[in-house]
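*Asks:* What follows is a single structure, and I will ask about it in a moment.
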Amino acid sequence: MAVTAAGLCGLAGCSGSNESSTEGDPNTGQSASDGPFTAVSIEETALVIDVRDDADVGQVNVIAPDGSRIRSVEVVTGQTRVTVDIGVTYDPGTYEITTDSGESTSITLEPDLVIEELGVGANNLDVMPASLDNLRGHEATVVVRNRGSGPTGIRNLAFGGDVPRSSVELLSTSYRSGIADPEDGDDELDQVVVPAKSSVRLFSNTFPFLVSGGSMECSAEDQGSQAVVLVTSSVSGSTIEESFDISYNSTGDDCTVSVISKRV
């Protein structure tokens, strides 16, 4: 059964802050000393709205970039923080935070994914999940960073170019993600959430580096080969890709695949 992971940091080891504060930033629309709001930030997949303890605010509204109201939350006396979950399928852009009396601030939520690293499982056994068992050497590990100001989810992980086993066809399916579940090598994740300003390490379950022809096929590979990594964002629905130079080396009956560098 497929599951959804939020963050994946504890499972796979990732770096980066899970919070992108907008306090005092031009994107908030006002400084911390103006109006009823002291700060607006995004934590994981939730908007966190801080209200002055002496402010007379009965309701906080969240307005989407298209002008529609997506949520209204009552603020009780003495309450200084309001949390609104926006998930990972929202419209990117600037969100207005308003009160019924017309006071407002804003925050811009725009994810920006970049594929930073690709590794062959056989060369990175120290980070590969034990749940993948004896197949982990044929899988890939990929690090993806969200440089943007809003969270998103990764719904697909696929490989193309000159990898031994392409999985680009996964991008056109709705029932396969290509992302292994680190806790259960026989299962896969529906998606992996990547908060703003953070990164996640993904693991494949499509055997992109499984060479079936032994040394004969290995020696026939073009030494100018490249692997293409593709991931799909849940917010934009678009697929981003990155190319890496790879090499094939024959050792007896074995074929070793190595990642040389990311193509610039």
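Each chain of the structure tokens is named A, B, ... in the order shown, its residues numbered from 1; ligands are numbered from 1 in display order.
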Just want the 8 Å neighbourhood of A:His138, counted on only C-alpha atoms, with same-chain residues fewer than 6 positions away dropped. Output as JSON, numbers by chain.
*Replies:* {"A": [120, 121, 122, 207, 208, 209, 210]}
*Asks:* Go through stretch 54-85 of chain A and flag each residue having an atom no more than 8 Å from stretch 34-48 of chain A; for those, report the closest pair of atoms plus their distance in Å to one decimal, using only C-alpha atoms, ordered by chain and rising number, as a tab-separated table.
*Replies:*
residue	atom	partner	partner_atom	distance
A:Ala55	CA	A:Pro36	CA	5.3
A:Asp56	CA	A:Pro36	CA	7.6
A:Val57	CA	A:Pro36	CA	7.4
A:Arg81	CA	A:Val48	CA	6.9
A:Val82	CA	A:Val48	CA	5.9
A:Thr83	CA	A:Val48	CA	4.7
A:Val84	CA	A:Leu47	CA	5.0
A:Asp85	CA	A:Ala46	CA	4.0
*Asks:* Can those selected residues be exported to a file as a compact mmCIF listing (two decimals), in the first residue's frame so that it contains all heavy atoms?
*Replies:*
# COMPACT_ATOMS: atom_id res chain seq x y z
N ALA A 55 -4.08 43.09 19.95
CA ALA A 55 -4.86 43.42 18.75
C ALA A 55 -6.30 42.96 18.90
O ALA A 55 -6.59 41.92 19.50
CB ALA A 55 -4.23 42.77 17.53
N ASP A 56 -7.20 43.74 18.35
CA ASP A 56 -8.63 43.41 18.36
C ASP A 56 -8.97 42.75 17.02
O ASP A 56 -9.43 43.39 16.09
CB ASP A 56 -9.46 44.67 18.58
CG ASP A 56 -10.95 44.36 18.67
OD1 ASP A 56 -11.30 43.18 18.87
OD2 ASP A 56 -11.76 45.31 18.52
N VAL A 57 -8.72 41.45 16.93
CA VAL A 57 -8.94 40.70 15.70
C VAL A 57 -9.91 39.56 15.99
O VAL A 57 -9.65 38.71 16.84
CB VAL A 57 -7.62 40.12 15.14
CG1 VAL A 57 -7.89 39.26 13.91
CG2 VAL A 57 -6.66 41.24 14.81
N ARG A 81 -1.73 33.17 17.78
CA ARG A 81 -1.23 32.43 16.62
C ARG A 81 -2.36 31.68 15.93
O ARG A 81 -3.17 31.01 16.59
CB ARG A 81 -0.12 31.47 17.02
CG ARG A 81 0.34 30.53 15.91
CD ARG A 81 1.67 29.87 16.20
NE ARG A 81 2.78 30.82 16.06
CZ ARG A 81 4.05 30.47 16.07
NH1 ARG A 81 4.40 29.20 16.23
NH2 ARG A 81 5.00 31.38 15.94
N VAL A 82 -2.38 31.78 14.60
CA VAL A 82 -3.36 31.07 13.78
C VAL A 82 -2.60 30.23 12.76
O VAL A 82 -1.65 30.72 12.13
CB VAL A 82 -4.30 32.06 13.04
CG1 VAL A 82 -5.24 31.31 12.11
CG2 VAL A 82 -5.08 32.90 14.04
N THR A 83 -3.00 28.98 12.61
CA THR A 83 -2.34 28.08 11.66
C THR A 83 -3.34 27.62 10.61
O THR A 83 -4.44 27.17 10.95
CB THR A 83 -1.75 26.85 12.38
OG1 THR A 83 -0.81 27.30 13.37
CG2 THR A 83 -1.03 25.94 11.40
N VAL A 84 -2.95 27.74 9.35
CA VAL A 84 -3.81 27.33 8.23
C VAL A 84 -3.02 26.41 7.32
O VAL A 84 -2.01 26.82 6.74
CB VAL A 84 -4.31 28.56 7.43
CG1 VAL A 84 -5.17 28.10 6.25
CG2 VAL A 84 -5.09 29.50 8.33
N ASP A 85 -3.46 25.16 7.19
CA ASP A 85 -2.77 24.22 6.31
C ASP A 85 -3.16 24.49 4.86
O ASP A 85 -4.34 24.58 4.53
CB ASP A 85 -3.11 22.78 6.69
CG ASP A 85 -2.27 21.78 5.92
OD1 ASP A 85 -1.06 21.70 6.20
OD2 ASP A 85 -2.81 21.10 5.02
*Asks:* Would you kindly return, as a PyMOL selection string, each protein, DNA or RNA residue with an atom no farther than 9 Å from any atom of A:Thr98, considering only C-alpha atoms and excluding same-chain residues fewer than 3 positions away?
*Replies:* chain A and resi 59-63+101-106
*Asks:* Selection from above, N, CA and C atoms, as a PDB file, in the first residue's frame, can you write it?
*Replies:*
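Dumped to again.pdb:
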ATOM      1  N   GLN A  59     -11.342  37.699  13.298  1.00  0.00           N
ATOM      2  CA  GLN A  59     -11.258  36.700  12.237  1.00  0.00           C
ATOM      3  C   GLN A  59     -10.089  37.019  11.311  1.00  0.00           C
ATOM      4  N   VAL A  60      -9.409  35.971  10.876  1.00  0.00           N
ATOM      5  CA  VAL A  60      -8.318  36.100   9.917  1.00  0.00           C
ATOM      6  C   VAL A  60      -8.723  35.383   8.640  1.00  0.00           C
ATOM      7  N   ASN A  61      -8.529  36.044   7.505  1.00  0.00           N
ATOM      8  CA  ASN A  61      -8.885  35.475   6.207  1.00  0.00           C
ATOM      9  C   ASN A  61      -7.627  35.262   5.372  1.00  0.00           C
ATOM     10  N   VAL A  62      -7.595  34.165   4.640  1.00  0.00           N
ATOM     11  CA  VAL A  62      -6.487  33.882   3.726  1.00  0.00           C
ATOM     12  C   VAL A  62      -7.025  33.995   2.303  1.00  0.00           C
ATOM     13  N   ILE A  63      -6.435  34.913   1.536  1.00  0.00           N
ATOM     14  CA  ILE A  63      -6.893  35.204   0.181  1.00  0.00           C
ATOM     15  C   ILE A  63      -5.861  34.687  -0.823  1.00  0.00           C
ATOM     16  N   SER A 101     -11.674  44.018   9.435  1.00  0.00           N
ATOM     17  CA  SER A 101     -11.619  45.479   9.476  1.00  0.00           C
ATOM     18  C   SER A 101     -10.750  46.054   8.359  1.00  0.00           C
ATOM     19  N   GLY A 102     -10.204  45.177   7.494  1.00  0.00           N
ATOM     20  CA  GLY A 102      -9.474  45.650   6.327  1.00  0.00           C
ATOM     21  C   GLY A 102      -7.971  45.705   6.463  1.00  0.00           C
ATOM     22  N   GLU A 103      -7.429  45.350   7.615  1.00  0.00           N
ATOM     23  CA  GLU A 103      -5.974  45.342   7.774  1.00  0.00           C
ATOM     24  C   GLU A 103      -5.410  44.080   7.126  1.00  0.00           C
ATOM     25  N   SER A 104      -4.198  44.184   6.588  1.00  0.00           N
ATOM     26  CA  SER A 104      -3.683  43.039   5.841  1.00  0.00           C
ATOM     27  C   SER A 104      -2.163  42.976   5.848  1.00  0.00           C
ATOM     28  N   THR A 105      -1.675  41.809   5.520  1.00  0.00           N
ATOM     29  CA  THR A 105      -0.268  41.564   5.243  1.00  0.00           C
ATOM     30  C   THR A 105      -0.238  40.498   4.156  1.00  0.00           C
ATOM     31  N   SER A 106       0.934  40.062   3.737  1.00  0.00           N
ATOM     32  CA  SER A 106       0.988  39.078   2.652  1.00  0.00           C
ATOM     33  C   SER A 106       2.240  38.226   2.746  1.00  0.00           C
TER      34      SER A 106
END
*Asks:* Among stretch 16-197 of chain A, which ones does DSSP assign to strand (DSSP E or B) (computed from the backbone)? Answer as a PyMOL selection string.
*Replies:* chain A and resi 16+19-21+37-43+46-51+59-63+69-74+81-85+93-99+104-109+113-120+140-146+152-161+179-181+184-194
*Asks:* Using only C-alpha atoms for the distances, tell me which of A:Asp91, A:Glu110, A:Asp181, A:Glu116 is nearest to A:Phe244.
*Replies:* A:Glu116
*Asks:* Smallest atom-to-atom distance to A:Lys262: which of A:Leu202, A:Glu74, A:Val144, A:Ile115, using only C-alpha atoms?
*Replies:*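 Answer, going by the shortest atom-to-atom distance: A:Ile115.
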*Asks:* So how far away is atom CA of A:Pro129 from atom CA of A:Pro182, in Å?
*Replies:*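 Taking atom CA of A:Pro182 and atom CA of A:Pro129, their separation equals 5.5 Å.
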*Asks:* For A:Ile179, which residue out of A:Ser149, A:Thr251, A:Ser243, A:Asn205 is the nearest one, using only C-alpha atoms?
*Replies:*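 Answer, going by the shortest atom-to-atom distance: A:Asn205.
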